[in-house]
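Notes to accompany the following structure.
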Amino acid sequence: MRRSSNIFKWLDWPTVLIYLALMFLGWINIYAAVFAEDHASIFDVSQRYGMQLIWIAAALLIAITVLAIDARFYLVFANYFYALILLVLVFVIFFGVEVNASKSWIQLGGIRIQPAEFAKFATVLALAKYMSSYGFKLNSFKAYLNSVLIVLVPVVLILLQNDAGTAMVFASLVFVFYREGMPHWVLAFFAFFVALFILELIFDRLLILVGVIVLTIVLFAAIGKRLKDTLRFAFGLFGMIALLFGTSEFLDLNISPYYIVLIPVAITIPVAIVYAYLNKVKYVFFLLFFLISSTAFSFSVDYIFHNVLDHHHRDRINDLLGIESDPLGWGYNVNQSKIAIGSGGFSGKGFLQGTQTKFNFVPEQSTDFIFCTVGEEWGFVGTTFVVILFVSLLLRLVKMAERQKEAFSRIYGYGVISILFFHIAINIAMTIGLFPVIGIPLPFFSYGGSSLWSFTILLFIFLKLDSSRLD
């Protein structure tokens, strides 16, 4: 079939209209967030709301350009985009400009560009090309390894720029793996480690280790339905723990509680391996891997928390979990954001009438905390409408992804959905105190050229792929 020269033919207009609506609402809320009476014109380019209009105009030009390019271009040059962005990320590590403790920006004349934002669409393109290659199946170690490395390399480079928030966004691509055949248990395993990280911060590690051991035994009983063998292992393991504890107390050996638990576990592991080999039960090897990796991860959480995460991320996690509280320090942003949203009530205080907004109580209100402006000035009605727009966009994209004829387009579509969902869910959760503040923007809404342009490219490449399926 001959390809149409009309770039708007077969374009998914509902998605485009939602995109335009979100940009418009973002623009007027940026105006409300940083409104200055001596610069009342919304077109004043000396203010953020005037500059945002320029970013919006540029985004529309970028969108048209993306649509004008042949859809096959994005498949053919996916790896080149990926390689180029990796080179730029390396460049930023050495020659980038530091903003808010993150060395992740490039100064180009009077504007700053954040390459990490553009790494999202480049990574999704490269991942989609690899996973859609001939003969690819997500059922081997090599397939998983290569796919994970495609995601992991930009993550490491972004972490070296001290931008953990942006790096975390790439974790959302686990949903792409799941859609393309990753077993349920892998996703559950991923979720368990996230939960384990949180529990490790709240509870004593010894309690966590005992919990992991008990969970492993329960899984052994549930999967294999070997009750007698389960009881034997359980009595043997906990019997050794009790014996070692009693010996330590009776002889006053002062053996570390961790050794009292881990030594019996170390003795039990080779016994379990022999048992699995003789009885030909492969799932035991998986359970041993689960036990060993969970134990190792539990001991590594403290290092990750204190040496990988920035101090402000640690403080905000502690505040969220109730470990520490500082409403006038690291908890100030979220505390003021919740006050602003709560004060909006059902219908809000009205456009430009937000007192929390007007008197600058909420830092970064035009960027990471733009949603609290909606809550204060437009209330529950306004926030619900914005959430409905975002949910409608995501549902529309899911429908588009499922109707794709080519694997490349479908995989790329789910990459778009994953990244947008992560940004939307986490940003809103940040503003209402349900997630630590990690400094990521609300798509198409927050102030900033880099984020708006990167989200526009991300979305419109998929719109182009979708429209081309009928050519």
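As shown in the structure tokens, the chain order sets the letters A, B, ...; within each chain, residues go from 1, and ligands are also counted from 1 in the order they appear.
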Show which residues sit within 9 Å of range 192-207 of chain A, as an mmCIF file with C-alpha atoms, in the first residue's frame. Count only C-alpha atoms, and ignore same-chain residues fewer than 2 positions away.
data_model
loop_
_atom_site.group_PDB
_atom_site.id
_atom_site.type_symbol
_atom_site.label_atom_id
_atom_site.label_comp_id
_atom_site.auth_asym_id
_atom_site.auth_seq_id
_atom_site.Cartn_x
_atom_site.Cartn_y
_atom_site.Cartn_z
ATOM 1 C CA LEU A 187 7.485 -9.134 38.890
ATOM 2 C CA ALA A 188 6.514 -10.392 42.340
ATOM 3 C CA PHE A 189 10.222 -10.872 43.115
ATOM 4 C CA PHE A 190 10.894 -7.278 42.035
ATOM 5 C CA LEU A 209 16.025 -12.260 58.357
ATOM 6 C CA VAL A 210 13.794 -14.525 60.434
ATOM 7 C CA GLY A 211 10.811 -13.332 58.370
ATOM 8 C CA VAL A 212 12.618 -14.202 55.116
ATOM 9 C CA PRO A 257 22.519 -12.940 66.912
ATOM 10 C CA TYR A 258 23.183 -12.751 63.166
ATOM 11 C CA VAL A 261 20.644 -17.330 62.587
ATOM 12 C CA SER A 294 17.094 -11.699 50.043
ATOM 13 C CA PHE A 297 20.077 -7.612 49.868
ATOM 14 C CA SER A 298 18.986 -7.135 53.476
ATOM 15 C CA PHE A 299 22.593 -6.583 54.523
ATOM 16 C CA VAL A 301 20.233 -1.895 52.287
ATOM 17 C CA ASP A 302 22.145 0.085 54.901
ATOM 18 C CA PHE A 305 20.662 4.003 51.891
ATOM 19 C CA ASN A 318 12.766 8.890 56.873
ATOM 20 C CA LEU A 321 8.180 6.348 57.000
ATOM 21 C CA GLY A 322 7.842 8.245 60.267
ATOM 22 C CA ILE A 323 11.407 7.397 61.347
#
DSSP-assigned strand (DSSP E or B) members of range 6-227 of chain A, reported as a PyMOL selection string: chain A and resi 97-99+102-108+111-113
Two-atom distance - CA of Phe177 in chain A, CA of Ser468 in chain A (Å):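 So the answer is 24.3 Å.
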Polymer residues at most 12 Å from Val88 in chain A, only C-alpha atoms, same-chain spacing of 6 or more positions, as a PyMOL selection string: chain A and resi 81-82+94-96+104-106+113-119+122+154+157-158+161
Convert the current residue selection to file output with C-alpha atoms, as a compact mmCIF listing (two decimals), in the first residue's frame.
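Below is the file that was written, part.txt:
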# COMPACT_ATOMS: atom_id res chain seq x y z
CA PHE A 81 19.84 7.51 19.10
CA TYR A 82 20.78 5.32 22.05
CA PHE A 94 32.64 15.75 33.09
CA PHE A 95 31.45 19.03 31.61
CA GLY A 96 27.87 19.43 32.83
CA SER A 104 23.00 16.81 34.86
CA TRP A 105 22.62 19.90 32.70
CA ILE A 106 24.25 21.35 29.57
CA ILE A 113 19.14 21.22 28.63
CA GLN A 114 18.93 18.05 30.73
CA PRO A 115 20.06 15.13 28.51
CA ALA A 116 18.84 12.56 31.06
CA GLU A 117 15.27 13.48 30.09
CA PHE A 118 15.96 12.58 26.46
CA ALA A 119 17.62 9.33 27.50
CA ALA A 122 16.26 6.78 23.34
CA PRO A 154 21.94 5.02 31.08
CA LEU A 157 25.45 7.29 33.89
CA ILE A 158 22.54 9.30 35.33
CA GLN A 161 25.34 12.80 37.62
Those of range 95-316 of chain A in DSSP helix (DSSP H, G or I), formatted as JSON, numbers by chain: {"A": [95, 115, 116, 117, 118, 119, 120, 121, 122, 123, 124, 125, 126, 127, 128, 129, 130, 131, 141, 142, 143, 144, 145, 146, 147, 148, 149, 150, 151, 152, 153, 154, 155, 156, 157, 158, 159, 164, 165, 166, 167, 168, 169, 170, 171, 172, 173, 174, 175, 176, 177, 178, 179, 184, 185, 186, 187, 188, 189, 190, 191, 192, 193, 194, 195, 196, 197, 198, 199, 200, 201, 202, 205, 206, 207, 208, 209, 210, 211, 212, 213, 214, 215, 216, 217, 218, 219, 220, 221, 222, 223, 224, 227, 228, 229, 230, 231, 232, 233, 234, 235, 236, 237, 238, 239, 240, 241, 242, 243, 244, 245, 246, 247, 248, 249, 250, 257, 258, 259, 260, 261, 262, 263, 264, 265, 266, 267, 268, 269, 270, 271, 272, 273, 274, 275, 276, 277, 278, 279, 283, 284, 285, 286, 287, 288, 289, 290, 291, 292, 293, 294, 295, 296, 297, 298, 299, 300, 301, 302, 303, 304, 305, 306, 307, 308, 311, 312, 313, 314, 315, 316]}
For Gly382 in chain A: contacts at 10 Å, only C-alpha atoms, fewer than 6 positions along chain excluded, given as a PyMOL selection string: chain A and resi 344+346-348+371+373-376+388
Separation of CA of Val334 in chain A from CA of Ile317 in chain A, in Å and rounded to one decimal: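 So the answer is 11.7 Å.
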Interatomic distance, CA of Arg403 in chain A to CA of Asp466 in chain A (Å, one decimal):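 Spanning CA of Arg403 in chain A to CA of Asp466 in chain A is a straight-line distance of 8.4 Å.
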Closest of A:Met240, A:Tyr283, A:Ala296, A:Thr230 to Ile208 in chain A - atom-to-atom distances counting only C-alpha atoms: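 Under the stated criterion, the closest residue is A:Ala296.
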Contact residues around Met23 in chain A with only C-alpha atoms at 9 Å, ignoring same-chain residues under 3 positions, as a ChimeraX atom specification: /A:18-20,26-28,56,443-446,452
Since we have the selection now, will you write its residues out, keeping all heavy atoms, as a CSV table (one decimal), in the first residue's frame?
chain,number,residue,atom,x,y,z
A,18,ILE,N,-5.8,15.4,24.4
A,18,ILE,CA,-5.5,15.3,25.8
A,18,ILE,C,-4.1,15.9,26.0
A,18,ILE,O,-3.9,16.7,27.0
A,18,ILE,CB,-5.5,13.8,26.2
A,18,ILE,CG1,-6.9,13.2,26.1
A,18,ILE,CG2,-5.0,13.7,27.7
A,18,ILE,CD1,-7.0,11.7,26.4
A,19,TYR,N,-3.2,15.7,25.1
A,19,TYR,CA,-1.9,16.3,25.2
A,19,TYR,C,-1.9,17.8,25.2
A,19,TYR,O,-1.3,18.5,26.1
A,19,TYR,CB,-1.0,15.8,24.0
A,19,TYR,CG,0.2,16.6,23.7
A,19,TYR,CD1,1.4,16.4,24.5
A,19,TYR,CD2,0.3,17.5,22.7
A,19,TYR,CE1,2.5,17.1,24.2
A,19,TYR,CE2,1.4,18.2,22.3
A,19,TYR,CZ,2.5,18.0,23.1
A,19,TYR,OH,3.7,18.7,22.8
A,20,LEU,N,-2.7,18.4,24.3
A,20,LEU,CA,-2.9,19.8,24.2
A,20,LEU,C,-3.6,20.4,25.5
A,20,LEU,O,-3.2,21.4,26.0
A,20,LEU,CB,-3.7,20.2,23.0
A,20,LEU,CG,-3.0,19.9,21.6
A,20,LEU,CD1,-4.0,20.2,20.5
A,20,LEU,CD2,-1.7,20.7,21.5
A,26,GLY,N,-1.3,23.1,32.3
A,26,GLY,CA,0.0,23.3,32.9
A,26,GLY,C,0.4,24.7,32.8
A,26,GLY,O,0.9,25.3,33.8
A,27,TRP,N,0.3,25.3,31.7
A,27,TRP,CA,0.7,26.7,31.4
A,27,TRP,C,0.0,27.7,32.4
A,27,TRP,O,0.6,28.5,33.0
A,27,TRP,CB,0.4,27.0,30.0
A,27,TRP,CG,0.8,28.4,29.6
A,27,TRP,CD1,1.9,29.1,30.0
A,27,TRP,CD2,0.1,29.3,28.7
A,27,TRP,NE1,1.9,30.4,29.4
A,27,TRP,CE2,0.8,30.5,28.6
A,27,TRP,CE3,-1.1,29.2,28.0
A,27,TRP,CZ2,0.4,31.6,27.8
A,27,TRP,CZ3,-1.5,30.2,27.2
A,27,TRP,CH2,-0.8,31.4,27.1
A,28,ILE,N,-1.4,27.5,32.5
A,28,ILE,CA,-2.1,28.5,33.3
A,28,ILE,C,-1.8,28.3,34.8
A,28,ILE,O,-1.9,29.2,35.6
A,28,ILE,CB,-3.6,28.5,33.0
A,28,ILE,CG1,-4.3,27.1,33.3
A,28,ILE,CG2,-3.9,28.9,31.6
A,28,ILE,CD1,-5.8,27.1,33.2
A,56,ILE,N,6.3,25.5,24.9
A,56,ILE,CA,5.1,24.9,24.3
A,56,ILE,C,5.2,25.0,22.8
A,56,ILE,O,4.9,24.0,22.1
A,56,ILE,CB,3.8,25.4,24.9
A,56,ILE,CG1,3.7,25.0,26.4
A,56,ILE,CG2,2.6,25.0,24.1
A,56,ILE,CD1,2.5,25.7,27.1
A,443,PRO,N,4.3,15.2,33.8
A,443,PRO,CA,4.4,15.2,32.3
A,443,PRO,C,3.4,16.3,31.7
A,443,PRO,O,2.2,16.3,32.1
A,443,PRO,CB,4.0,13.8,31.9
A,443,PRO,CG,4.4,13.0,33.0
A,443,PRO,CD,4.1,13.8,34.2
A,444,PHE,N,4.0,17.1,30.8
A,444,PHE,CA,3.2,18.1,30.0
A,444,PHE,C,2.7,19.2,30.9
A,444,PHE,O,2.0,20.1,30.4
A,444,PHE,CB,2.1,17.5,29.2
A,444,PHE,CG,2.4,16.2,28.5
A,444,PHE,CD1,1.9,15.0,28.9
A,444,PHE,CD2,3.4,16.2,27.6
A,444,PHE,CE1,2.2,13.8,28.2
A,444,PHE,CE2,3.8,15.0,26.9
A,444,PHE,CZ,3.2,13.8,27.3
A,445,PHE,N,3.0,19.2,32.2
A,445,PHE,CA,2.3,20.1,33.2
A,445,PHE,C,3.4,21.0,33.8
A,445,PHE,O,3.2,22.2,34.0
A,445,PHE,CB,1.6,19.3,34.2
A,445,PHE,CG,0.2,19.8,34.6
A,445,PHE,CD1,-0.9,19.4,33.8
A,445,PHE,CD2,0.0,20.7,35.6
A,445,PHE,CE1,-2.2,19.9,34.1
A,445,PHE,CE2,-1.2,21.2,35.9
A,445,PHE,CZ,-2.3,20.8,35.2
A,446,SER,N,4.5,20.4,34.3
A,446,SER,CA,5.5,21.1,35.0
A,446,SER,C,6.2,22.1,34.1
A,446,SER,O,6.4,21.9,32.9
A,446,SER,CB,6.5,20.2,35.7
A,446,SER,OG,5.8,19.4,36.7
A,452,LEU,N,9.4,18.9,28.9
A,452,LEU,CA,8.2,19.0,28.0
A,452,LEU,C,8.6,18.5,26.6
A,452,LEU,O,7.9,17.7,26.0
A,452,LEU,CB,7.8,20.4,27.9
A,452,LEU,CG,6.6,20.7,26.9
A,452,LEU,CD1,5.4,19.9,27.2
A,452,LEU,CD2,6.3,22.2,26.8
Selected residue, from A:Ala57, A:Leu145, A:Val362, A:Ala401, that lies nearest to Ile417 in chain A when counting only C-alpha atoms: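 Of the candidates, the smallest distance to Ile417 in chain A is held by A:Ala401.
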Nearby residues (only C-alpha atoms) at most 8 Å from range 285-291 of chain A, same-chain spacing under 2 positions excluded, as a PyMOL selection string: chain A and resi 212-213+216+219-220+269+273+276+282-283+293-295
Who sits within 8 Å of Lys120 in chain A, only C-alpha atoms, same chain under 6 positions skipped, as JSON, numbers by chain: {"A": [170, 419, 454, 458]}
Among the residues A:Leu108, A:Ile241, A:Val76, A:Val308, the one that comes closest to Ser133 in chain A [using only C-alpha atoms]: A:Val76
